[in-house]
>>> print(open('my_file.txt').read())   # compact mmCIF, N, CA and C atoms
# COMPACT_ATOMS: atom_id res chain seq x y z
N MET A 1 62.94 100.37 100.52
CA MET A 1 64.00 99.69 99.80
C MET A 1 65.24 99.61 100.69
N ASP A 2 65.90 98.49 100.65
CA ASP A 2 67.10 98.25 101.43
C ASP A 2 68.23 99.17 100.96
N GLY A 3 68.95 99.76 101.93
CA GLY A 3 70.05 100.66 101.60
C GLY A 3 71.16 100.00 100.79
N LEU A 4 71.35 98.70 101.01
CA LEU A 4 72.40 97.99 100.28
C LEU A 4 72.14 97.97 98.77
N ALA A 5 70.89 98.10 98.38
CA ALA A 5 70.55 98.12 96.97
C ALA A 5 71.14 99.35 96.27
N TRP A 6 71.40 100.40 97.03
CA TRP A 6 71.94 101.64 96.47
C TRP A 6 73.47 101.66 96.40
N VAL A 7 74.12 100.67 96.97
CA VAL A 7 75.59 100.66 97.02
C VAL A 7 76.24 100.83 95.65
N PRO A 8 75.81 100.10 94.62
CA PRO A 8 76.48 100.28 93.31
C PRO A 8 76.39 101.72 92.78
N GLN A 9 75.23 102.34 92.93
CA GLN A 9 75.07 103.72 92.45
C GLN A 9 75.89 104.70 93.29
N ILE A 10 75.86 104.52 94.60
CA ILE A 10 76.63 105.40 95.49
C ILE A 10 78.11 105.24 95.21
N ARG A 11 78.57 104.00 95.06
CA ARG A 11 79.99 103.72 94.80
C ARG A 11 80.41 104.34 93.47
N ALA A 12 79.58 104.17 92.44
CA ALA A 12 79.89 104.75 91.13
C ALA A 12 79.99 106.28 91.22
N SER A 13 79.06 106.88 91.96
CA SER A 13 79.10 108.34 92.16
C SER A 13 80.37 108.74 92.90
N HIS A 14 80.70 107.99 93.94
CA HIS A 14 81.90 108.28 94.73
C HIS A 14 83.15 108.21 93.85
N LEU A 15 83.26 107.16 93.06
CA LEU A 15 84.44 107.01 92.19
C LEU A 15 84.52 108.10 91.12
N ALA A 16 83.38 108.46 90.55
CA ALA A 16 83.37 109.53 89.55
C ALA A 16 83.77 110.86 90.18
N LEU A 17 83.28 111.11 91.39
CA LEU A 17 83.63 112.35 92.08
C LEU A 17 85.09 112.36 92.51
N VAL A 18 85.66 111.20 92.86
CA VAL A 18 87.09 111.11 93.16
C VAL A 18 87.89 111.54 91.94
N ALA A 19 87.53 110.98 90.78
CA ALA A 19 88.24 111.32 89.54
C ALA A 19 88.09 112.80 89.20
N LEU A 20 86.89 113.33 89.34
CA LEU A 20 86.64 114.74 89.04
C LEU A 20 87.39 115.65 90.00
N SER A 21 87.33 115.35 91.28
CA SER A 21 88.01 116.16 92.30
C SER A 21 89.53 116.16 92.07
N GLY A 22 90.08 114.98 91.88
CA GLY A 22 91.53 114.87 91.67
C GLY A 22 91.97 115.57 90.40
N SER A 23 91.18 115.44 89.34
CA SER A 23 91.51 116.10 88.06
C SER A 23 91.46 117.61 88.19
N LEU A 24 90.41 118.11 88.83
CA LEU A 24 90.28 119.57 88.99
C LEU A 24 91.41 120.12 89.87
N PHE A 25 91.72 119.42 90.95
CA PHE A 25 92.82 119.87 91.80
C PHE A 25 94.13 119.90 91.03
N THR A 26 94.41 118.84 90.28
CA THR A 26 95.66 118.77 89.52
C THR A 26 95.73 119.88 88.49
N LEU A 27 94.63 120.12 87.79
CA LEU A 27 94.58 121.20 86.79
C LEU A 27 94.83 122.56 87.44
N ARG A 28 94.14 122.82 88.54
CA ARG A 28 94.29 124.11 89.21
C ARG A 28 95.70 124.30 89.75
N ALA A 29 96.25 123.26 90.39
CA ALA A 29 97.59 123.37 90.97
C ALA A 29 98.65 123.51 89.88
N ALA A 30 98.51 122.79 88.78
CA ALA A 30 99.46 122.91 87.67
C ALA A 30 99.40 124.31 87.07
N ALA A 31 98.20 124.85 86.96
CA ALA A 31 98.06 126.21 86.44
C ALA A 31 98.71 127.23 87.39
N ARG A 32 98.58 127.02 88.68
CA ARG A 32 99.23 127.91 89.65
C ARG A 32 100.75 127.84 89.51
N LEU A 33 101.27 126.62 89.28
CA LEU A 33 102.72 126.48 89.08
C LEU A 33 103.17 127.27 87.85
N ALA A 34 102.29 127.34 86.86
CA ALA A 34 102.61 128.09 85.64
C ALA A 34 102.39 129.59 85.81
N GLY A 35 101.93 130.00 86.98
CA GLY A 35 101.76 131.42 87.27
C GLY A 35 100.37 131.96 87.03
N ALA A 36 99.42 131.11 86.68
CA ALA A 36 98.05 131.57 86.43
C ALA A 36 97.37 131.99 87.71
N ARG A 37 96.47 132.94 87.60
CA ARG A 37 95.69 133.39 88.75
C ARG A 37 94.27 132.82 88.76
N TRP A 38 93.80 132.33 87.59
CA TRP A 38 92.41 131.85 87.51
C TRP A 38 92.08 130.75 88.52
N PRO A 39 93.02 129.87 88.90
CA PRO A 39 92.64 128.82 89.86
C PRO A 39 92.20 129.36 91.22
N LEU A 40 92.53 130.60 91.51
CA LEU A 40 92.16 131.20 92.80
C LEU A 40 90.84 131.96 92.74
N HIS A 41 90.28 132.11 91.53
CA HIS A 41 89.02 132.84 91.41
C HIS A 41 87.90 132.10 92.12
N ARG A 42 86.98 132.88 92.60
CA ARG A 42 85.89 132.37 93.44
C ARG A 42 85.11 131.22 92.79
N ALA A 43 84.79 131.33 91.52
CA ALA A 43 83.99 130.31 90.85
C ALA A 43 84.70 128.95 90.88
N TRP A 44 86.01 128.94 90.65
CA TRP A 44 86.76 127.68 90.66
C TRP A 44 86.83 127.10 92.07
N ARG A 45 86.99 127.98 93.05
CA ARG A 45 87.04 127.51 94.44
C ARG A 45 85.69 126.92 94.85
N ILE A 46 84.61 127.61 94.49
CA ILE A 46 83.27 127.13 94.83
C ILE A 46 82.99 125.79 94.13
N GLY A 47 83.36 125.70 92.87
CA GLY A 47 83.18 124.45 92.14
C GLY A 47 83.92 123.30 92.80
N SER A 48 85.13 123.57 93.21
CA SER A 48 85.94 122.55 93.88
C SER A 48 85.31 122.14 95.21
N VAL A 49 84.85 123.09 95.98
CA VAL A 49 84.21 122.79 97.27
C VAL A 49 82.91 122.00 97.04
N LEU A 50 82.15 122.36 96.02
CA LEU A 50 80.92 121.64 95.72
C LEU A 50 81.20 120.17 95.37
N ILE A 51 82.18 119.95 94.50
CA ILE A 51 82.55 118.58 94.13
C ILE A 51 83.02 117.81 95.37
N ASP A 52 83.88 118.43 96.17
CA ASP A 52 84.41 117.75 97.35
C ASP A 52 83.33 117.47 98.39
N THR A 53 82.35 118.36 98.49
CA THR A 53 81.23 118.14 99.41
C THR A 53 80.39 116.96 98.96
N LEU A 54 80.12 116.88 97.66
CA LEU A 54 79.38 115.74 97.13
C LEU A 54 80.17 114.45 97.30
N LEU A 55 81.47 114.53 97.10
CA LEU A 55 82.35 113.38 97.30
C LEU A 55 82.29 112.90 98.74
N PHE A 56 82.39 113.83 99.66
CA PHE A 56 82.33 113.49 101.09
C PHE A 56 80.96 112.89 101.44
N ALA A 57 79.89 113.46 100.88
CA ALA A 57 78.54 112.94 101.14
C ALA A 57 78.39 111.51 100.61
N ALA A 58 78.93 111.25 99.43
CA ALA A 58 78.87 109.89 98.88
C ALA A 58 79.66 108.93 99.76
N GLY A 59 80.82 109.39 100.26
CA GLY A 59 81.62 108.56 101.16
C GLY A 59 80.87 108.27 102.45
N LEU A 60 80.24 109.29 103.00
CA LEU A 60 79.45 109.09 104.23
C LEU A 60 78.27 108.15 103.99
N ALA A 61 77.66 108.25 102.82
CA ALA A 61 76.55 107.35 102.50
C ALA A 61 77.04 105.91 102.45
N LEU A 62 78.19 105.68 101.82
CA LEU A 62 78.75 104.33 101.79
C LEU A 62 79.08 103.85 103.20
N TRP A 63 79.69 104.76 103.96
CA TRP A 63 80.06 104.47 105.34
C TRP A 63 78.84 103.99 106.13
N THR A 64 77.73 104.71 105.97
CA THR A 64 76.50 104.40 106.70
C THR A 64 75.86 103.11 106.22
N VAL A 65 75.66 103.01 104.91
CA VAL A 65 74.97 101.85 104.35
C VAL A 65 75.75 100.56 104.60
N LEU A 66 77.07 100.64 104.53
CA LEU A 66 77.90 99.45 104.71
C LEU A 66 78.29 99.21 106.18
N SER A 67 77.80 100.08 107.07
CA SER A 67 78.09 99.96 108.51
C SER A 67 79.59 99.93 108.78
N LEU A 68 80.31 100.85 108.16
CA LEU A 68 81.76 100.93 108.37
C LEU A 68 82.04 101.71 109.64
N ASN A 69 83.15 101.39 110.27
CA ASN A 69 83.56 102.04 111.51
C ASN A 69 85.07 102.22 111.47
N PRO A 70 85.56 103.45 111.50
CA PRO A 70 87.02 103.66 111.41
C PRO A 70 87.79 103.07 112.59
N LEU A 71 87.11 102.81 113.70
CA LEU A 71 87.79 102.17 114.83
C LEU A 71 87.97 100.66 114.59
N ARG A 72 87.11 100.12 113.77
CA ARG A 72 87.19 98.69 113.43
C ARG A 72 87.83 98.50 112.05
N ASP A 73 87.45 99.34 111.11
CA ASP A 73 87.93 99.25 109.73
C ASP A 73 89.11 100.22 109.58
N HIS A 74 90.29 99.72 109.87
CA HIS A 74 91.48 100.57 109.94
C HIS A 74 91.83 101.23 108.62
N TRP A 75 91.47 100.61 107.52
CA TRP A 75 91.70 101.24 106.23
C TRP A 75 90.91 102.54 106.11
N LEU A 76 89.70 102.57 106.66
CA LEU A 76 88.89 103.79 106.62
C LEU A 76 89.50 104.87 107.50
N ALA A 77 89.99 104.49 108.67
CA ALA A 77 90.66 105.45 109.55
C ALA A 77 91.87 106.06 108.85
N ALA A 78 92.64 105.21 108.16
CA ALA A 78 93.82 105.70 107.44
C ALA A 78 93.40 106.69 106.35
N LYS A 79 92.34 106.37 105.62
CA LYS A 79 91.85 107.26 104.56
C LYS A 79 91.41 108.61 105.13
N LEU A 80 90.72 108.59 106.26
CA LEU A 80 90.24 109.83 106.86
C LEU A 80 91.39 110.70 107.36
N LEU A 81 92.40 110.07 107.95
CA LEU A 81 93.58 110.82 108.38
C LEU A 81 94.32 111.42 107.19
N LEU A 82 94.47 110.63 106.14
CA LEU A 82 95.15 111.13 104.94
C LEU A 82 94.34 112.23 104.25
N LEU A 83 93.03 112.17 104.36
CA LEU A 83 92.20 113.22 103.78
C LEU A 83 92.54 114.58 104.38
N THR A 84 92.74 114.60 105.68
CA THR A 84 93.14 115.84 106.36
C THR A 84 94.48 116.34 105.83
N LEU A 85 95.44 115.45 105.71
CA LEU A 85 96.76 115.81 105.18
C LEU A 85 96.65 116.31 103.74
N TYR A 86 95.82 115.65 102.94
CA TYR A 86 95.62 116.04 101.54
C TYR A 86 95.07 117.47 101.44
N VAL A 87 94.11 117.80 102.28
CA VAL A 87 93.53 119.14 102.26
C VAL A 87 94.59 120.19 102.61
N VAL A 88 95.39 119.92 103.64
CA VAL A 88 96.45 120.85 104.04
C VAL A 88 97.46 121.03 102.91
N LEU A 89 97.92 119.92 102.34
CA LEU A 89 98.88 120.01 101.25
C LEU A 89 98.28 120.72 100.04
N GLY A 90 97.01 120.47 99.79
CA GLY A 90 96.34 121.14 98.67
C GLY A 90 96.29 122.64 98.83
N THR A 91 96.04 123.12 100.03
CA THR A 91 96.02 124.57 100.25
C THR A 91 97.41 125.16 100.05
N TRP A 92 98.44 124.42 100.42
CA TRP A 92 99.81 124.89 100.19
C TRP A 92 100.12 124.90 98.69
N ALA A 93 99.68 123.89 97.98
CA ALA A 93 99.95 123.81 96.54
C ALA A 93 99.23 124.91 95.77
N LEU A 94 98.06 125.30 96.23
CA LEU A 94 97.29 126.30 95.51
C LEU A 94 97.57 127.74 95.92
N LYS A 95 97.79 127.98 97.21
CA LYS A 95 97.94 129.39 97.58
C LYS A 95 98.84 129.69 98.77
N ARG A 96 99.02 128.80 99.69
CA ARG A 96 99.76 129.13 100.91
C ARG A 96 101.27 129.18 100.72
N ALA A 97 101.79 128.29 99.87
CA ALA A 97 103.24 128.27 99.65
C ALA A 97 103.66 129.56 98.95
N ARG A 98 104.78 130.12 99.39
CA ARG A 98 105.22 131.41 98.87
C ARG A 98 106.05 131.32 97.60
N SER A 99 106.63 130.17 97.34
CA SER A 99 107.47 130.04 96.14
C SER A 99 106.91 128.95 95.22
N THR A 100 107.32 129.03 93.97
CA THR A 100 106.91 128.02 93.00
C THR A 100 107.46 126.65 93.39
N ALA A 101 108.69 126.62 93.89
CA ALA A 101 109.29 125.35 94.30
C ALA A 101 108.50 124.72 95.44
N ALA A 102 108.11 125.53 96.41
CA ALA A 102 107.33 125.01 97.53
C ALA A 102 105.96 124.53 97.07
N ARG A 103 105.36 125.24 96.11
CA ARG A 103 104.07 124.79 95.55
C ARG A 103 104.24 123.45 94.84
N ALA A 104 105.35 123.31 94.12
CA ALA A 104 105.60 122.05 93.39
C ALA A 104 105.75 120.88 94.37
N VAL A 105 106.49 121.10 95.44
CA VAL A 105 106.66 120.05 96.45
C VAL A 105 105.32 119.70 97.08
N ALA A 106 104.53 120.71 97.41
CA ALA A 106 103.21 120.47 98.01
C ALA A 106 102.30 119.73 97.03
N LEU A 107 102.37 120.08 95.75
CA LEU A 107 101.55 119.40 94.75
C LEU A 107 101.94 117.93 94.64
N ILE A 108 103.23 117.64 94.56
CA ILE A 108 103.68 116.25 94.47
C ILE A 108 103.27 115.47 95.71
N ALA A 109 103.43 116.08 96.87
CA ALA A 109 103.04 115.42 98.12
C ALA A 109 101.54 115.19 98.15
N ALA A 110 100.75 116.19 97.75
CA ALA A 110 99.29 116.05 97.76
C ALA A 110 98.84 114.94 96.81
N LEU A 111 99.44 114.89 95.62
CA LEU A 111 99.06 113.85 94.66
C LEU A 111 99.47 112.46 95.14
N THR A 112 100.59 112.39 95.86
CA THR A 112 101.01 111.11 96.45
C THR A 112 100.00 110.66 97.50
N VAL A 113 99.56 111.59 98.34
CA VAL A 113 98.56 111.28 99.36
C VAL A 113 97.24 110.88 98.69
N PHE A 114 96.85 111.60 97.65
CA PHE A 114 95.63 111.30 96.92
C PHE A 114 95.68 109.87 96.35
N ALA A 115 96.78 109.53 95.72
CA ALA A 115 96.95 108.19 95.15
C ALA A 115 96.94 107.12 96.25
N THR A 116 97.54 107.45 97.38
CA THR A 116 97.54 106.51 98.50
C THR A 116 96.12 106.29 99.02
N MET A 117 95.34 107.37 99.14
CA MET A 117 93.95 107.22 99.57
C MET A 117 93.17 106.35 98.59
N ALA A 118 93.38 106.56 97.30
CA ALA A 118 92.69 105.75 96.29
C ALA A 118 93.10 104.28 96.42
N SER A 119 94.38 104.04 96.65
CA SER A 119 94.82 102.64 96.76
C SER A 119 94.32 101.99 98.05
N ILE A 120 94.16 102.78 99.09
CA ILE A 120 93.58 102.25 100.34
C ILE A 120 92.13 101.86 100.10
N GLY A 121 91.39 102.71 99.41
CA GLY A 121 90.00 102.37 99.09
C GLY A 121 89.91 101.14 98.21
N TRP A 122 90.82 101.01 97.28
CA TRP A 122 90.83 99.87 96.36
C TRP A 122 91.16 98.56 97.08
N THR A 123 92.18 98.61 97.94
CA THR A 123 92.68 97.38 98.59
C THR A 123 92.01 97.08 99.93
N ARG A 124 91.36 98.09 100.52
CA ARG A 124 90.79 97.97 101.86
C ARG A 124 91.87 97.60 102.88
N HIS A 125 93.05 98.15 102.67
CA HIS A 125 94.18 97.92 103.57
C HIS A 125 94.73 99.28 103.97
N PRO A 126 95.09 99.50 105.25
CA PRO A 126 95.54 100.82 105.71
C PRO A 126 96.77 101.36 104.98
N LEU A 127 97.59 100.50 104.41
CA LEU A 127 98.77 100.96 103.67
C LEU A 127 98.52 101.03 102.16
N GLY A 128 97.37 100.56 101.73
CA GLY A 128 97.09 100.54 100.30
C GLY A 128 98.15 99.74 99.57
N LEU A 129 98.57 100.24 98.43
CA LEU A 129 99.60 99.55 97.65
C LEU A 129 100.99 99.66 98.27
N TRP A 130 101.15 100.58 99.22
CA TRP A 130 102.44 100.71 99.91
C TRP A 130 102.77 99.44 100.71
N ARG A 131 101.76 98.65 101.02
CA ARG A 131 102.00 97.44 101.81
C ARG A 131 102.96 96.49 101.10
N PHE A 132 103.00 96.55 99.76
CA PHE A 132 103.91 95.68 99.03
C PHE A 132 105.36 96.11 99.18
N LEU A 133 105.59 97.38 99.46
CA LEU A 133 106.94 97.87 99.73
C LEU A 133 107.35 97.62 101.17
N ALA A 134 106.36 97.47 102.05
CA ALA A 134 106.65 97.28 103.47
C ALA A 134 107.02 95.84 103.81
N THR A 135 106.80 94.92 102.87
CA THR A 135 107.10 93.50 103.16
C THR A 135 108.46 93.10 102.67
>>> encode(input="my_file.txt", output="structure tokens")
Amino acid sequence: MDGLAWVPQIRASHLALVALSGSLFTLRAAARLAGARWPLHRAWRIGSVLIDTLLFAAGLALWTVLSLNPLRDHWLAAKLLLLTLYVVLGTWALKRARSTAARAVALIAALTVFATMASIGWTRHPLGLWRFLAT
């Protein structure tokens, strides 16, 4: 069977995992801001890593089946670079930042990066929806 036939299912999985990953991160980070310790427990961390691994695998599957190349498809390169920033900001929002204020700033920044990555995927443009502010 042709790999392109699987694109709708892979894309649907990818989008569902994006929503699940973003929701779980937001819930955990908001709970940390409220002083909860449960977001740092091993089961929640493992669950988050499992979801993100499946998300990454679905992204790689789309990348492969659609013959995407971040050197040619600049929107994909932008998404991959922002993914790294999102992970760093996420670790600060959940545990690395020493103060509640710093966690809040990291959370807002991480969610902004997350939304930007989603808009880049939606628009297939390296600036996503920010391109409308750049003109």
>>> select_by_dssp(input="my_file.txt", residues="chain A", states="helix (DSSP H, G or I)", output="number ranges by chain")
A: 3-33, 38-40, 42-65, 74-96, 100-123, 128-134
>>> atom_distance(input="my_file.txt", atom1="atom N of A:Leu40", atom2="atom N of A:Val87")
16.8 Å
>>> atom_distance(input="my_file.txt", atom1="atom CA of A:Thr53", atom2="atom CA of A:Thr84")
14.0 Å
>>> atom_distance(input="my_file.txt", atom1="atom C of A:Pro8", atom2="atom CA of A:Thr123")
17.8 Å
>>> closest_residue(input="my_file.txt", among="A:Leu80, A:Val65, A:Arg42, A:Leu54", to="A:Val7", atoms="only C-alpha atoms")
A:Val65
>>> residues_around(input="my_file.txt", residues="A:His14", least_positions_apart="5", cutoff="7 Å", atoms="only N, CA and C atoms", output="MDAnalysis selection string")
chainID A and resid 9 19 54:55 58:59
>>> residues_around(input="my_file.txt", residues="A:Ser99", least_positions_apart="5", cutoff="8 Å", atoms="all atoms listed in the file", output="CSV table (one decimal) with N, CA and C atoms, in the frame of the given file")
chain,number,residue,atom,x,y,z
A,33,LEU,N,101.3,126.6,89.3
A,33,LEU,CA,102.7,126.5,89.1
A,33,LEU,C,103.2,127.3,87.8
A,104,ALA,N,105.4,123.3,94.1
A,104,ALA,CA,105.6,122.0,93.4
A,104,ALA,C,105.8,120.9,94.4
A,105,VAL,N,106.5,121.1,95.4
A,105,VAL,CA,106.7,120.0,96.4
A,105,VAL,C,105.3,119.7,97.1
>>> closest_residue(input="my_file.txt", among="A:Thr91, A:Leu83, A:His125, A:Thr64", to="A:Trp6", atoms="only C-alpha atoms")
A:Thr64
>>> closest_residue(input="my_file.txt", among="A:Lys79, A:Arg98, A:Arg103, A:His41", to="A:Gly121", atoms="only C-alpha atoms")
A:Lys79
>>> residues_around(input="my_file.txt", residues="A:Ala118", least_positions_apart="4", cutoff="10 Å", atoms="only C-alpha atoms", output="CSV table (one decimal) with N, CA and C atoms, in the coordinates of the input")
chain,number,residue,atom,x,y,z
A,15,LEU,N,83.3,107.2,93.1
A,15,LEU,CA,84.4,107.0,92.2
A,15,LEU,C,84.5,108.1,91.1
A,18,VAL,N,85.7,111.2,92.9
A,18,VAL,CA,87.1,111.1,93.2
A,18,VAL,C,87.9,111.5,91.9
A,19,ALA,N,87.5,111.0,90.8
A,19,ALA,CA,88.2,111.3,89.5
A,19,ALA,C,88.1,112.8,89.2
A,79,LYS,N,92.3,106.4,105.6
A,79,LYS,CA,91.8,107.3,104.6
A,79,LYS,C,91.4,108.6,105.1
A,112,THR,N,100.6,112.4,95.9
A,112,THR,CA,101.0,111.1,96.4
A,112,THR,C,100.0,110.7,97.5
A,113,VAL,N,99.6,111.6,98.3
A,113,VAL,CA,98.6,111.3,99.4
A,113,VAL,C,97.2,110.9,98.7
A,114,PHE,N,96.8,111.6,97.6
A,114,PHE,CA,95.6,111.3,96.9
A,114,PHE,C,95.7,109.9,96.4
A,122,TRP,N,90.8,101.0,97.3
A,122,TRP,CA,90.8,99.9,96.4
A,122,TRP,C,91.2,98.6,97.1
A,123,THR,N,92.2,98.6,97.9
A,123,THR,CA,92.7,97.4,98.6
A,123,THR,C,92.0,97.1,99.9
A,124,ARG,N,91.4,98.1,100.5
A,124,ARG,CA,90.8,98.0,101.9
A,124,ARG,C,91.9,97.6,102.9
A,128,GLY,N,97.4,100.6,101.7
A,128,GLY,CA,97.1,100.5,100.3
A,128,GLY,C,98.2,99.7,99.6
A,129,LEU,N,98.6,100.2,98.4
A,129,LEU,CA,99.6,99.6,97.6
A,129,LEU,C,101.0,99.7,98.3
>>> axis_aligned_box(input="my_file.txt", around="stretch 58-68 of chain A", padding_each_side="8 Å", output="JSON")
{"center_x": 78.5, "center_y": 105.2, "center_z": 104.3, "size_x": 23.1, "size_y": 28.0, "size_z": 26.8}
>>> residues_around(input="my_file.txt", residues="A:Lys95", least_positions_apart="5", cutoff="12 Å", atoms="only C-alpha atoms", output="count of residues only")
23
>>> closest_residue(input="my_file.txt", among="A:Leu24, A:Leu68, A:Ala34, A:Leu111", to="A:Leu50", atoms="only C-alpha atoms")
A:Leu24
>>> decode(input="my_file.txt", residues="stretch 59-73 of chain A", atoms="N, CA, C and O atoms", output="short mmCIF file (atom, residue, chain, number, x, y, z; two decimals), in the first residue's frame")
data_model
loop_
_atom_site.label_atom_id
_atom_site.label_comp_id
_atom_site.auth_asym_id
_atom_site.auth_seq_id
_atom_site.Cartn_x
_atom_site.Cartn_y
_atom_site.Cartn_z
N GLY A 59 5.10 12.83 13.66
CA GLY A 59 5.70 13.90 12.86
C GLY A 59 6.75 13.35 11.90
O GLY A 59 6.79 13.74 10.73
N LEU A 60 7.58 12.45 12.39
CA LEU A 60 8.59 11.84 11.51
C LEU A 60 7.95 11.01 10.40
O LEU A 60 8.44 11.00 9.26
N ALA A 61 6.85 10.34 10.73
CA ALA A 61 6.15 9.56 9.70
C ALA A 61 5.62 10.48 8.61
O ALA A 61 5.77 10.19 7.42
N LEU A 62 5.03 11.61 9.01
CA LEU A 62 4.55 12.57 8.01
C LEU A 62 5.72 13.12 7.19
O LEU A 62 5.63 13.25 5.97
N TRP A 63 6.79 13.44 7.90
CA TRP A 63 7.99 13.96 7.26
C TRP A 63 8.47 12.99 6.16
O TRP A 63 8.76 13.38 5.04
N THR A 64 8.51 11.71 6.50
CA THR A 64 8.99 10.69 5.58
C THR A 64 8.03 10.47 4.42
O THR A 64 8.43 10.50 3.25
N VAL A 65 6.76 10.24 4.74
CA VAL A 65 5.77 9.93 3.71
C VAL A 65 5.59 11.09 2.74
O VAL A 65 5.42 10.89 1.54
N LEU A 66 5.65 12.31 3.25
CA LEU A 66 5.44 13.49 2.41
C LEU A 66 6.75 14.01 1.79
O LEU A 66 6.74 15.04 1.12
N SER A 67 7.85 13.32 2.06
CA SER A 67 9.17 13.70 1.53
C SER A 67 9.52 15.15 1.88
O SER A 67 9.97 15.92 1.03
N LEU A 68 9.32 15.51 3.14
CA LEU A 68 9.65 16.86 3.59
C LEU A 68 11.13 16.95 3.90
O LEU A 68 11.76 15.96 4.28
N ASN A 69 11.68 18.13 3.74
CA ASN A 69 13.10 18.37 3.99
C ASN A 69 13.23 19.75 4.64
O ASN A 69 12.89 20.75 4.02
N PRO A 70 13.74 19.82 5.87
CA PRO A 70 13.83 21.12 6.54
C PRO A 70 14.77 22.11 5.84
O PRO A 70 14.66 23.30 6.06
N LEU A 71 15.66 21.61 4.99
CA LEU A 71 16.52 22.52 4.23
C LEU A 71 15.77 23.16 3.06
O LEU A 71 16.12 24.24 2.60
N ARG A 72 14.74 22.48 2.61
CA ARG A 72 13.92 22.99 1.51
C ARG A 72 12.61 23.58 2.05
O ARG A 72 12.16 24.61 1.58
N ASP A 73 12.02 22.90 3.01
CA ASP A 73 10.74 23.31 3.58
C ASP A 73 11.02 24.11 4.86
O ASP A 73 11.09 23.55 5.96
#
